[in-house]
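For reference, the structure discussed in these notes is given below.
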Amino acid sequence: MPLLAIAVPARLVHLSPVDVVIVVFYFALVLTIGWYLKGRANTGEDFFMAGREMTAWVAGLSFLSANLGALELMGWAGSAYQYGILATHWYWIGAIPAMLFLALVMMPFYYISKTHSVPGYLKLRFGEPSRALSAISFAFMTVLMSGVNMFAMAKVMQIVLGWDINFSIWVSSLTVAVYVTLGGLRSAIFNEVLQFFLIWAGALLIPILGLYEAGGWTNLKLQIAHRASEQYVHLWAGLGSFTSNPMGIHWTGIVFGLGAVISMGYWTTDFLVVQRLLAAKDLRSAEMAPIIGAGFKMMVPFIVILPGLLGLAVLPEKLVPESVAAVTGGHSYNDVLPLMLARYCGPGLLGLGVTALIAGFMSGMAGNVSAFTTVWTYDIYRPLINSKGTDHHYVNMGRWTTIIGVLISVGTAYLVMQFASIMDYVQALFSFFIAPLFGTVVLGMLWKRATGAGGFWGLLCGTLSSISMWAWVKIDPTALRYVALSPHAKALAQDMYQALWSFIVCVVVTVVVSLATKPIADGELTGLVYGLTKVPSVENVPLYQKPLFWAAVVTVIFFVLNIIFW
Amino acid sequence: MVSIWFFIGISLAVNGALILAAGVYQLISPPKNPGIVLFNLHANVWWGAILLLIGLIYCFKFTPNKQRS
């Protein structure tokens, strides 16, 4: 979600002294945690993998928190104001099936192979070229995305609090650099769990008070139907055609583009989130962690989507797109969450709400930085530059890479400040790799006939096809009717179909090239591919401790929620 | 090692106490113009109390000298 405003209206909220104390206490606490953990990050396994001793709850909440960034919170609250409850699809069908698939199908291969990273799995399964392609693209994009998010967040702090952009960038980035450099992944994970609690503590009051003011859910729906449209409160009822819903999307795009490809790609192969699961203490914890994450993910719309919907009903002013707000000086869709915060939260609560936004930003940044550090050290530096270093040498490399990664992010943030259009390009670039990577990894895990050449060319062609489609629509906007199947499709709908086609290209090329090349011997695929890997059984634990049981519970709740809000 | 849950308890307890204190102060001497909607519900009082209570439970349950990390 782009969150870039050009004009700077008057600040949305004013902090009282107690609010400032709460914000300062948060910074002090995260630095304390980093300092406390510095003695527990001396080996590679400690620094990069948190000692592989995280419980299912810690890994699961960290897994979710790394994704629960401030821009995510504010951006999707803005989307809910703009598109209505349709934005919930990105939290339910756009996450839950993928998380459960990761837990039950893919996690055993990631975990049993003892890989340090997703590119590391590609090395084991397809060889060095696939790893190099994936690692370099991931490292490059991750650090750039971190910078883009940093700038956007600093801009938000300027709009919401009136803080100087330079102050926001340097204070937040240096704090992240200090605690990740000191404590490695363990420090990042600990702080992410803390941030998860703060986000809920700071944001949960808005929907509670909002529903009270609106007179309950039924009255809220009536008010939204009156002020916007009845379609704003239906998840599926308006998806029968491109023109009968506010997003301009068809149900096929949501189910196949978002649910089957984009979310699968993000939640199962983006190392930023998968890294948290690799730090789990055993396979059962690694499988339970994304299921726990899925349970909480289903509740996130309560603090993100509902405030956006409440904004439609209770805010006296009408919010407008960023481009209009930039000209008129009014408030944009993306301001809805801070506006609701300012509406209900007095001294103390306001500080906690602002802390939640800052915590969300820092958890996302720490996730990016720790993932970048691991991929750089293990998948680029060690295999391609210096393969003879000691464990101590690689830990030092990890610490320096953390600092350098943060500095590159800061540099990117300043670059975006000068050339705002870079932001859109970087966000688009990141999406190019997700869908094809999922095709490559899932074929590698489930189809033993996939070969190294098939994996590499499938990944490359899938990525190039995604870039080509994006460039085609950029040069000739009428091409949208072919890429997204409708000239009425909005940007989000284009992303869905672009991902779907690039995934299909990746799969077709991988299959064709694999069938034309020599198969890999079964003995080389043990522990990496379904059918050739003995997955440890969890039959000796009670039913309530089995991942399959909790995955079934989450699935039932998922279907019930979709039917209720149909 | 100190449990992460202990740190979370500290965070919730301190934030809860600060928010509760701010709420009680406003309860005793209400501002002429609160500047927020539903001020009469005094959300910072009960929300602060809830956070403080949860934080204290976490601190007690996961306090380091109990060796329950």
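Each chain in the structure tokens gets a letter, A, B and so on, in the order shown; residues start at 1 in every chain, and ligands are counted from 1 in the order they appear.
The list of chain B residues within 7 Å of chain A is Ile4, Ile8, Asn15, Leu18, Ile19, Ala22, Ile36, Val37, Leu38 and Asn44 of chain B; this uses only C-alpha atoms.
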Those selected residues, please, written with N, CA and C atoms and delivered as a PDB file, in the first residue's frame.
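The resulting file, out-v2.pdb, is shown below:
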ATOM      1  N   ILE B   4      10.932 -14.160  27.622  1.00  0.00           N
ATOM      2  CA  ILE B   4      10.354 -13.043  26.864  1.00  0.00           C
ATOM      3  C   ILE B   4       9.044 -12.590  27.498  1.00  0.00           C
ATOM      4  N   ILE B   8       7.432  -8.831  28.436  1.00  0.00           N
ATOM      5  CA  ILE B   8       6.100  -8.393  27.999  1.00  0.00           C
ATOM      6  C   ILE B   8       5.281  -7.950  29.218  1.00  0.00           C
ATOM      7  N   ASN B  15       3.118   0.414  31.038  1.00  0.00           N
ATOM      8  CA  ASN B  15       2.201   1.189  30.196  1.00  0.00           C
ATOM      9  C   ASN B  15       0.827   1.295  30.846  1.00  0.00           C
ATOM     10  N   LEU B  18       0.895   3.843  33.697  1.00  0.00           N
ATOM     11  CA  LEU B  18       0.940   5.226  33.196  1.00  0.00           C
ATOM     12  C   LEU B  18      -0.424   5.660  32.654  1.00  0.00           C
ATOM     13  N   ILE B  19      -1.055   4.770  31.894  1.00  0.00           N
ATOM     14  CA  ILE B  19      -2.350   5.113  31.296  1.00  0.00           C
ATOM     15  C   ILE B  19      -3.411   5.252  32.402  1.00  0.00           C
ATOM     16  N   ALA B  22      -2.906   8.534  34.205  1.00  0.00           N
ATOM     17  CA  ALA B  22      -3.402   9.662  33.401  1.00  0.00           C
ATOM     18  C   ALA B  22      -4.928   9.698  33.436  1.00  0.00           C
ATOM     19  N   ILE B  36     -11.778  14.469  22.764  1.00  0.00           N
ATOM     20  CA  ILE B  36     -12.037  13.127  22.201  1.00  0.00           C
ATOM     21  C   ILE B  36     -13.511  12.773  22.358  1.00  0.00           C
ATOM     22  N   VAL B  37     -13.919  11.822  21.527  1.00  0.00           N
ATOM     23  CA  VAL B  37     -15.291  11.318  21.589  1.00  0.00           C
ATOM     24  C   VAL B  37     -15.369  10.266  22.702  1.00  0.00           C
ATOM     25  N   LEU B  38     -16.521  10.146  23.341  1.00  0.00           N
ATOM     26  CA  LEU B  38     -16.769   9.137  24.384  1.00  0.00           C
ATOM     27  C   LEU B  38     -15.850   9.323  25.602  1.00  0.00           C
ATOM     28  N   ASN B  44      -9.286   5.356  29.357  1.00  0.00           N
ATOM     29  CA  ASN B  44      -7.908   5.180  29.853  1.00  0.00           C
ATOM     30  C   ASN B  44      -7.868   4.619  31.274  1.00  0.00           C
TER      31      ASN B  44
END
- Task: Quick one: everything within 12 Å of Phe62 (chain B), counting only C-alpha atoms, minus sequence neighbours fewer than 3 positions away in the same chain. Send it as a list of chain:residue names.
- Result: B:Met1, B:Val2, B:Ser3, B:Ile4, B:Trp5, B:Phe6, B:Phe7, B:Ile8, B:Gly9, B:Ile10, B:Gly55, B:Leu56, B:Ile57, B:Tyr58, B:Cys59, B:Asn65, B:Lys66, B:Gln67, B:Arg68, B:Ser69
- Query: Residues at most 10 Å from Lys534 (chain A), counting only C-alpha atoms, excluding those fewer than 6 positions away in the same chain, as a ChimeraX atom specification?
  - Reply: /A:108-109,112,526-528
- Report the distance between CA of Ser229 (chain A) and CA of Ile254 (chain A) in Å, rounded to one decimal place.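 For CA of Ser229 (chain A) relative to CA of Ile254 (chain A), the distance reads 20.5 Å.
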- Task: Identify, with DSSP run on backbone atoms, the residues in chain B assigned to alpha helix (DSSP H), and express the list as a PyMOL selection string.
- Result: chain B and resi 4-28+43-61
Those same residues, written as a CSV table (one decimal), in the first residue's frame with N, CA and C atoms?
chain,number,residue,atom,x,y,z
B,4,ILE,N,10.9,-14.2,27.6
B,4,ILE,CA,10.4,-13.0,26.9
B,4,ILE,C,9.0,-12.6,27.5
B,5,TRP,N,8.3,-13.5,28.1
B,5,TRP,CA,7.0,-13.2,28.7
B,5,TRP,C,7.2,-12.3,29.9
B,6,PHE,N,8.3,-12.3,30.5
B,6,PHE,CA,8.6,-11.4,31.6
B,6,PHE,C,8.7,-10.0,31.1
B,7,PHE,N,9.5,-9.8,30.0
B,7,PHE,CA,9.6,-8.5,29.4
B,7,PHE,C,8.3,-8.0,29.0
B,8,ILE,N,7.4,-8.8,28.4
B,8,ILE,CA,6.1,-8.4,28.0
B,8,ILE,C,5.3,-7.9,29.2
B,9,GLY,N,5.4,-8.7,30.3
B,9,GLY,CA,4.7,-8.3,31.5
B,9,GLY,C,5.2,-6.9,32.0
B,10,ILE,N,6.5,-6.7,32.0
B,10,ILE,CA,7.0,-5.4,32.4
B,10,ILE,C,6.4,-4.3,31.5
B,11,SER,N,6.4,-4.5,30.2
B,11,SER,CA,5.9,-3.5,29.3
B,11,SER,C,4.4,-3.2,29.5
B,12,LEU,N,3.6,-4.3,29.6
B,12,LEU,CA,2.2,-4.0,29.8
B,12,LEU,C,1.9,-3.4,31.2
B,13,ALA,N,2.7,-3.8,32.2
B,13,ALA,CA,2.4,-3.2,33.6
B,13,ALA,C,2.8,-1.8,33.6
B,14,VAL,N,3.9,-1.4,33.1
B,14,VAL,CA,4.4,0.0,33.1
B,14,VAL,C,3.4,0.9,32.3
B,15,ASN,N,3.1,0.4,31.0
B,15,ASN,CA,2.2,1.2,30.2
B,15,ASN,C,0.8,1.3,30.8
B,16,GLY,N,0.4,0.2,31.4
B,16,GLY,CA,-1.0,0.2,32.1
B,16,GLY,C,-1.0,1.2,33.2
B,17,ALA,N,0.1,1.2,34.0
B,17,ALA,CA,0.1,2.1,35.2
B,17,ALA,C,0.1,3.5,34.7
B,18,LEU,N,0.9,3.8,33.7
B,18,LEU,CA,0.9,5.2,33.2
B,18,LEU,C,-0.4,5.7,32.7
B,19,ILE,N,-1.1,4.8,31.9
B,19,ILE,CA,-2.4,5.1,31.3
B,19,ILE,C,-3.4,5.3,32.4
B,20,LEU,N,-3.4,4.3,33.4
B,20,LEU,CA,-4.3,4.4,34.5
B,20,LEU,C,-4.1,5.7,35.3
B,21,ALA,N,-2.9,6.0,35.5
B,21,ALA,CA,-2.6,7.3,36.3
B,21,ALA,C,-3.1,8.5,35.5
B,22,ALA,N,-2.9,8.5,34.2
B,22,ALA,CA,-3.4,9.7,33.4
B,22,ALA,C,-4.9,9.7,33.4
B,23,GLY,N,-5.5,8.5,33.4
B,23,GLY,CA,-7.0,8.4,33.4
B,23,GLY,C,-7.6,8.9,34.7
B,24,VAL,N,-7.0,8.5,35.8
B,24,VAL,CA,-7.4,8.8,37.2
B,24,VAL,C,-7.3,10.3,37.4
B,25,TYR,N,-6.2,10.9,36.9
B,25,TYR,CA,-6.0,12.4,37.0
B,25,TYR,C,-7.1,13.1,36.2
B,26,GLN,N,-7.5,12.6,35.1
B,26,GLN,CA,-8.6,13.3,34.3
B,26,GLN,C,-9.9,13.1,35.0
B,27,LEU,N,-10.0,12.0,35.7
B,27,LEU,CA,-11.3,11.7,36.4
B,27,LEU,C,-11.4,12.6,37.6
B,28,ILE,N,-10.3,12.9,38.2
B,28,ILE,CA,-10.4,13.8,39.4
B,28,ILE,C,-10.5,15.3,38.9
B,43,ALA,N,-12.0,5.6,29.1
B,43,ALA,CA,-11.4,4.4,28.6
B,43,ALA,C,-10.0,4.2,29.1
B,44,ASN,N,-9.3,5.4,29.4
B,44,ASN,CA,-7.9,5.2,29.9
B,44,ASN,C,-7.9,4.6,31.3
B,45,VAL,N,-8.9,4.8,32.0
B,45,VAL,CA,-9.0,4.2,33.4
B,45,VAL,C,-9.1,2.7,33.3
B,46,TRP,N,-10.1,2.2,32.6
B,46,TRP,CA,-10.3,0.7,32.6
B,46,TRP,C,-9.4,0.0,31.7
B,47,TRP,N,-9.0,0.7,30.6
B,47,TRP,CA,-8.0,0.0,29.7
B,47,TRP,C,-6.6,-0.1,30.4
B,48,GLY,N,-6.3,1.0,31.0
B,48,GLY,CA,-5.0,1.0,31.8
B,48,GLY,C,-5.0,0.0,32.9
B,49,ALA,N,-6.1,-0.2,33.6
B,49,ALA,CA,-6.2,-1.1,34.7
B,49,ALA,C,-6.1,-2.6,34.1
B,50,ILE,N,-6.7,-2.8,33.0
B,50,ILE,CA,-6.7,-4.2,32.4
B,50,ILE,C,-5.2,-4.5,32.0
B,51,LEU,N,-4.5,-3.5,31.3
B,51,LEU,CA,-3.2,-3.8,30.9
B,51,LEU,C,-2.3,-4.0,32.2
B,52,LEU,N,-2.5,-3.2,33.2
B,52,LEU,CA,-1.7,-3.3,34.4
B,52,LEU,C,-1.9,-4.7,35.0
B,53,LEU,N,-3.1,-5.1,35.1
B,53,LEU,CA,-3.4,-6.4,35.7
B,53,LEU,C,-2.8,-7.6,34.9
B,54,ILE,N,-2.9,-7.5,33.5
B,54,ILE,CA,-2.3,-8.6,32.7
B,54,ILE,C,-0.8,-8.6,32.9
B,55,GLY,N,-0.2,-7.3,32.8
B,55,GLY,CA,1.2,-7.2,33.0
B,55,GLY,C,1.7,-7.8,34.3
B,56,LEU,N,1.0,-7.5,35.4
B,56,LEU,CA,1.4,-8.0,36.7
B,56,LEU,C,1.3,-9.5,36.7
B,57,ILE,N,0.3,-10.1,36.1
B,57,ILE,CA,0.1,-11.5,36.1
B,57,ILE,C,1.3,-12.2,35.3
B,58,TYR,N,1.7,-11.6,34.2
B,58,TYR,CA,2.8,-12.1,33.4
B,58,TYR,C,4.1,-11.9,34.2
B,59,CYS,N,4.3,-10.8,34.9
B,59,CYS,CA,5.5,-10.5,35.7
B,59,CYS,C,5.6,-11.6,36.8
B,60,PHE,N,4.5,-11.8,37.5
B,60,PHE,CA,4.5,-12.8,38.6
B,60,PHE,C,4.8,-14.2,38.1
B,61,LYS,N,4.1,-14.6,37.0
B,61,LYS,CA,4.2,-15.9,36.5
B,61,LYS,C,5.6,-16.2,35.9
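Going from CA of Asp391 (chain A) over to CA of Thr43 (chain A), you cover 6.5 Å.
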- Message: Taking only C-alpha atoms into account, name the residue in A:Ile208, A:Leu339, A:Ala489, A:Ala453 that is nearest to Leu41 (chain B).
- Response: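 So, comparing all the options, the nearest one is A:Ile208.
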- Message: Excluding His89 (chain A) and its own-chain neighbours fewer than 4 positions away, which residues fall within 10 Å of it when counting only C-alpha atoms? Please give them as a VMD selection string.
- Response: chain A and resid 85 93 to 96 235 to 236 254 to 255 258 to 259 301 562
Dump as a PDB file, in the first residue's frame, selection limited to C-alpha atoms:
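Below is the file again.pdb, written as the result:
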ATOM      1  CA  ILE A  85     -14.772  -5.263   3.904  1.00  0.00           C
ATOM      2  CA  ILE A  93      -8.218 -16.259   2.071  1.00  0.00           C
ATOM      3  CA  GLY A  94      -5.055 -14.275   1.349  1.00  0.00           C
ATOM      4  CA  ALA A  95      -3.237 -15.762   4.339  1.00  0.00           C
ATOM      5  CA  ILE A  96      -4.926 -18.614   6.217  1.00  0.00           C
ATOM      6  CA  LEU A 235     -16.989 -10.307   1.356  1.00  0.00           C
ATOM      7  CA  TRP A 236     -18.163 -12.428  -1.552  1.00  0.00           C
ATOM      8  CA  ILE A 254      -9.308 -13.416  -5.247  1.00  0.00           C
ATOM      9  CA  VAL A 255      -9.391 -17.216  -5.099  1.00  0.00           C
ATOM     10  CA  LEU A 258      -4.572 -14.020  -4.183  1.00  0.00           C
ATOM     11  CA  GLY A 259      -5.462 -17.243  -2.359  1.00  0.00           C
ATOM     12  CA  PRO A 301      -9.093  -7.468  10.685  1.00  0.00           C
ATOM     13  CA  ASN A 562     -16.403 -16.199   5.456  1.00  0.00           C
TER      14      ASN A 562
END
Extract, using only C-alpha atoms, all DNA, RNA and protein residues at most 9 Å from Ser173 (chain A), discarding same-chain residues fewer than 6 positions from it, and format them as a CSV table (one decimal) with C-alpha atoms, in the first residue's frame.
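File out.csv, as written:
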chain,number,residue,atom,x,y,z
A,150,MET,CA,11.5,3.5,6.5
A,362,MET,CA,10.4,-1.5,13.8
A,365,MET,CA,12.4,-3.4,9.7
A,366,ALA,CA,14.1,-5.8,12.1
A,406,VAL,CA,20.5,-0.6,7.9
A,407,LEU,CA,22.7,2.1,6.3
A,409,SER,CA,18.1,1.2,3.9
A,410,VAL,CA,18.7,4.7,5.2
- Extract, using only C-alpha atoms, all DNA, RNA and protein residues at most 10 Å from Tyr333 (chain A), discarding same-chain residues fewer than 4 positions from it, and format them as a PyMOL selection string. chain A and resi 3+74-82+308+311-312+318-322+325+337
- Task: Could you check how far CA of Ala435 (chain A) sits from CA of Phe63 (chain A), in Å to one decimal?
- Result: 19.7 Å
- Could you give me, as a ChimeraX atom specification, the residues within 12 Å of Phe433 (chain A), counting only C-alpha atoms and dropping anything in the same chain fewer than 5 positions from it? /A:133-142,261-262,265-266,269-270,426-428,438-440,458-467,498-499,502-503,506
Please produce a file of the residues just selected, as an mmCIF file, in the first residue's frame, where the atoms kept are N, CA and C atoms.
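Contents of out-v7.cif, freshly written:
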data_model
loop_
_atom_site.group_PDB
_atom_site.id
_atom_site.type_symbol
_atom_site.label_atom_id
_atom_site.label_comp_id
_atom_site.auth_asym_id
_atom_site.auth_seq_id
_atom_site.Cartn_x
_atom_site.Cartn_y
_atom_site.Cartn_z
ATOM 1 N N LEU A 133 20.364 -16.951 -7.889
ATOM 2 C CA LEU A 133 19.321 -16.090 -8.459
ATOM 3 C C LEU A 133 18.357 -15.633 -7.362
ATOM 4 N N SER A 134 17.912 -16.589 -6.567
ATOM 5 C CA SER A 134 16.945 -16.271 -5.517
ATOM 6 C C SER A 134 17.562 -15.411 -4.421
ATOM 7 N N ALA A 135 18.789 -15.741 -3.992
ATOM 8 C CA ALA A 135 19.421 -15.017 -2.880
ATOM 9 C C ALA A 135 19.735 -13.577 -3.258
ATOM 10 N N ILE A 136 20.298 -13.380 -4.437
ATOM 11 C CA ILE A 136 20.677 -12.022 -4.832
ATOM 12 C C ILE A 136 19.433 -11.148 -4.987
ATOM 13 N N SER A 137 18.398 -11.696 -5.644
ATOM 14 C CA SER A 137 17.181 -10.904 -5.823
ATOM 15 C C SER A 137 16.536 -10.608 -4.467
ATOM 16 N N PHE A 138 16.519 -11.606 -3.573
ATOM 17 C CA PHE A 138 15.891 -11.393 -2.266
ATOM 18 C C PHE A 138 16.656 -10.349 -1.447
ATOM 19 N N ALA A 139 17.979 -10.493 -1.400
ATOM 20 C CA ALA A 139 18.787 -9.570 -0.592
ATOM 21 C C ALA A 139 18.640 -8.134 -1.102
ATOM 22 N N PHE A 140 18.716 -7.983 -2.404
ATOM 23 C CA PHE A 140 18.617 -6.670 -3.031
ATOM 24 C C PHE A 140 17.255 -6.032 -2.718
ATOM 25 N N MET A 141 16.206 -6.791 -2.959
ATOM 26 C CA MET A 141 14.863 -6.260 -2.792
ATOM 27 C C MET A 141 14.521 -6.009 -1.319
ATOM 28 N N THR A 142 14.990 -6.901 -0.442
ATOM 29 C CA THR A 142 14.658 -6.764 0.976
ATOM 30 C C THR A 142 15.215 -5.473 1.550
ATOM 31 N N VAL A 261 -1.959 -18.186 -5.248
ATOM 32 C CA VAL A 261 -0.603 -17.872 -5.733
ATOM 33 C C VAL A 261 0.100 -16.819 -4.864
ATOM 34 N N ILE A 262 -0.450 -15.603 -4.825
ATOM 35 C CA ILE A 262 0.271 -14.520 -4.121
ATOM 36 C C ILE A 262 0.475 -14.859 -2.643
ATOM 37 N N GLY A 265 2.833 -17.705 -2.216
ATOM 38 C CA GLY A 265 4.196 -17.258 -2.476
ATOM 39 C C GLY A 265 4.761 -16.504 -1.296
ATOM 40 N N TYR A 266 3.978 -15.561 -0.770
ATOM 41 C CA TYR A 266 4.490 -14.739 0.317
ATOM 42 C C TYR A 266 4.703 -15.552 1.592
ATOM 43 N N THR A 269 7.331 -18.790 1.027
ATOM 44 C CA THR A 269 8.697 -18.693 0.490
ATOM 45 C C THR A 269 9.413 -17.387 0.835
ATOM 46 N N ASP A 270 8.688 -16.375 1.341
ATOM 47 C CA ASP A 270 9.383 -15.138 1.697
ATOM 48 C C ASP A 270 10.183 -15.405 2.973
ATOM 49 N N VAL A 426 10.033 0.051 -6.626
ATOM 50 C CA VAL A 426 10.593 -0.957 -5.715
ATOM 51 C C VAL A 426 9.502 -1.909 -5.244
ATOM 52 N N GLN A 427 8.321 -1.362 -4.916
ATOM 53 C CA GLN A 427 7.229 -2.228 -4.471
ATOM 54 C C GLN A 427 6.819 -3.185 -5.579
ATOM 55 N N ALA A 428 6.814 -2.703 -6.802
ATOM 56 C CA ALA A 428 6.461 -3.578 -7.922
ATOM 57 C C ALA A 428 7.536 -4.641 -8.122
ATOM 58 N N PHE A 438 7.394 -19.327 -5.437
ATOM 59 C CA PHE A 438 6.506 -20.334 -4.856
ATOM 60 C C PHE A 438 6.391 -21.529 -5.812
ATOM 61 N N GLY A 439 6.243 -21.256 -7.123
ATOM 62 C CA GLY A 439 6.163 -22.353 -8.099
ATOM 63 C C GLY A 439 7.395 -23.241 -8.033
ATOM 64 N N THR A 440 8.565 -22.626 -7.963
ATOM 65 C CA THR A 440 9.814 -23.380 -7.943
ATOM 66 C C THR A 440 9.932 -24.216 -6.669
ATOM 67 N N GLY A 458 12.670 -22.260 -14.778
ATOM 68 C CA GLY A 458 11.300 -21.937 -14.379
ATOM 69 C C GLY A 458 11.257 -20.660 -13.566
ATOM 70 N N LEU A 459 12.173 -20.534 -12.596
ATOM 71 C CA LEU A 459 12.223 -19.347 -11.745
ATOM 72 C C LEU A 459 12.550 -18.102 -12.563
ATOM 73 N N LEU A 460 13.526 -18.233 -13.454
ATOM 74 C CA LEU A 460 13.944 -17.087 -14.266
ATOM 75 C C LEU A 460 12.828 -16.654 -15.222
ATOM 76 N N CYS A 461 12.229 -17.627 -15.932
ATOM 77 C CA CYS A 461 11.183 -17.278 -16.901
ATOM 78 C C CYS A 461 9.944 -16.733 -16.202
ATOM 79 N N GLY A 462 9.581 -17.301 -15.054
ATOM 80 C CA GLY A 462 8.430 -16.799 -14.306
ATOM 81 C C GLY A 462 8.643 -15.357 -13.894
ATOM 82 N N THR A 463 9.841 -15.059 -13.388
ATOM 83 C CA THR A 463 10.159 -13.694 -12.957
ATOM 84 C C THR A 463 10.142 -12.730 -14.143
ATOM 85 N N LEU A 464 10.768 -13.150 -15.258
ATOM 86 C CA LEU A 464 10.802 -12.281 -16.442
ATOM 87 C C LEU A 464 9.398 -12.044 -16.999
ATOM 88 N N SER A 465 8.548 -13.071 -16.941
ATOM 89 C CA SER A 465 7.181 -12.888 -17.449
ATOM 90 C C SER A 465 6.432 -11.869 -16.593
ATOM 91 N N SER A 466 6.655 -11.900 -15.287
ATOM 92 C CA SER A 466 5.994 -10.949 -14.395
ATOM 93 C C SER A 466 6.447 -9.517 -14.702
ATOM 94 N N ILE A 467 7.766 -9.366 -14.885
ATOM 95 C CA ILE A 467 8.308 -8.038 -15.218
ATOM 96 C C ILE A 467 7.737 -7.557 -16.548
ATOM 97 N N GLN A 498 -1.378 -10.927 -12.516
ATOM 98 C CA GLN A 498 0.041 -10.951 -12.890
ATOM 99 C C GLN A 498 0.756 -12.088 -12.155
ATOM 100 N N ALA A 499 0.421 -12.225 -10.886
ATOM 101 C CA ALA A 499 1.026 -13.297 -10.084
ATOM 102 C C ALA A 499 0.586 -14.666 -10.607
ATOM 103 N N SER A 502 2.397 -15.479 -13.934
ATOM 104 C CA SER A 502 3.836 -15.743 -13.780
ATOM 105 C C SER A 502 4.069 -17.074 -13.069
ATOM 106 N N PHE A 503 3.159 -17.432 -12.159
ATOM 107 C CA PHE A 503 3.246 -18.736 -11.509
ATOM 108 C C PHE A 503 3.055 -19.852 -12.546
ATOM 109 N N CYS A 506 6.091 -20.194 -14.665
ATOM 110 C CA CYS A 506 7.158 -20.859 -13.906
ATOM 111 C C CYS A 506 6.931 -22.373 -13.877
#
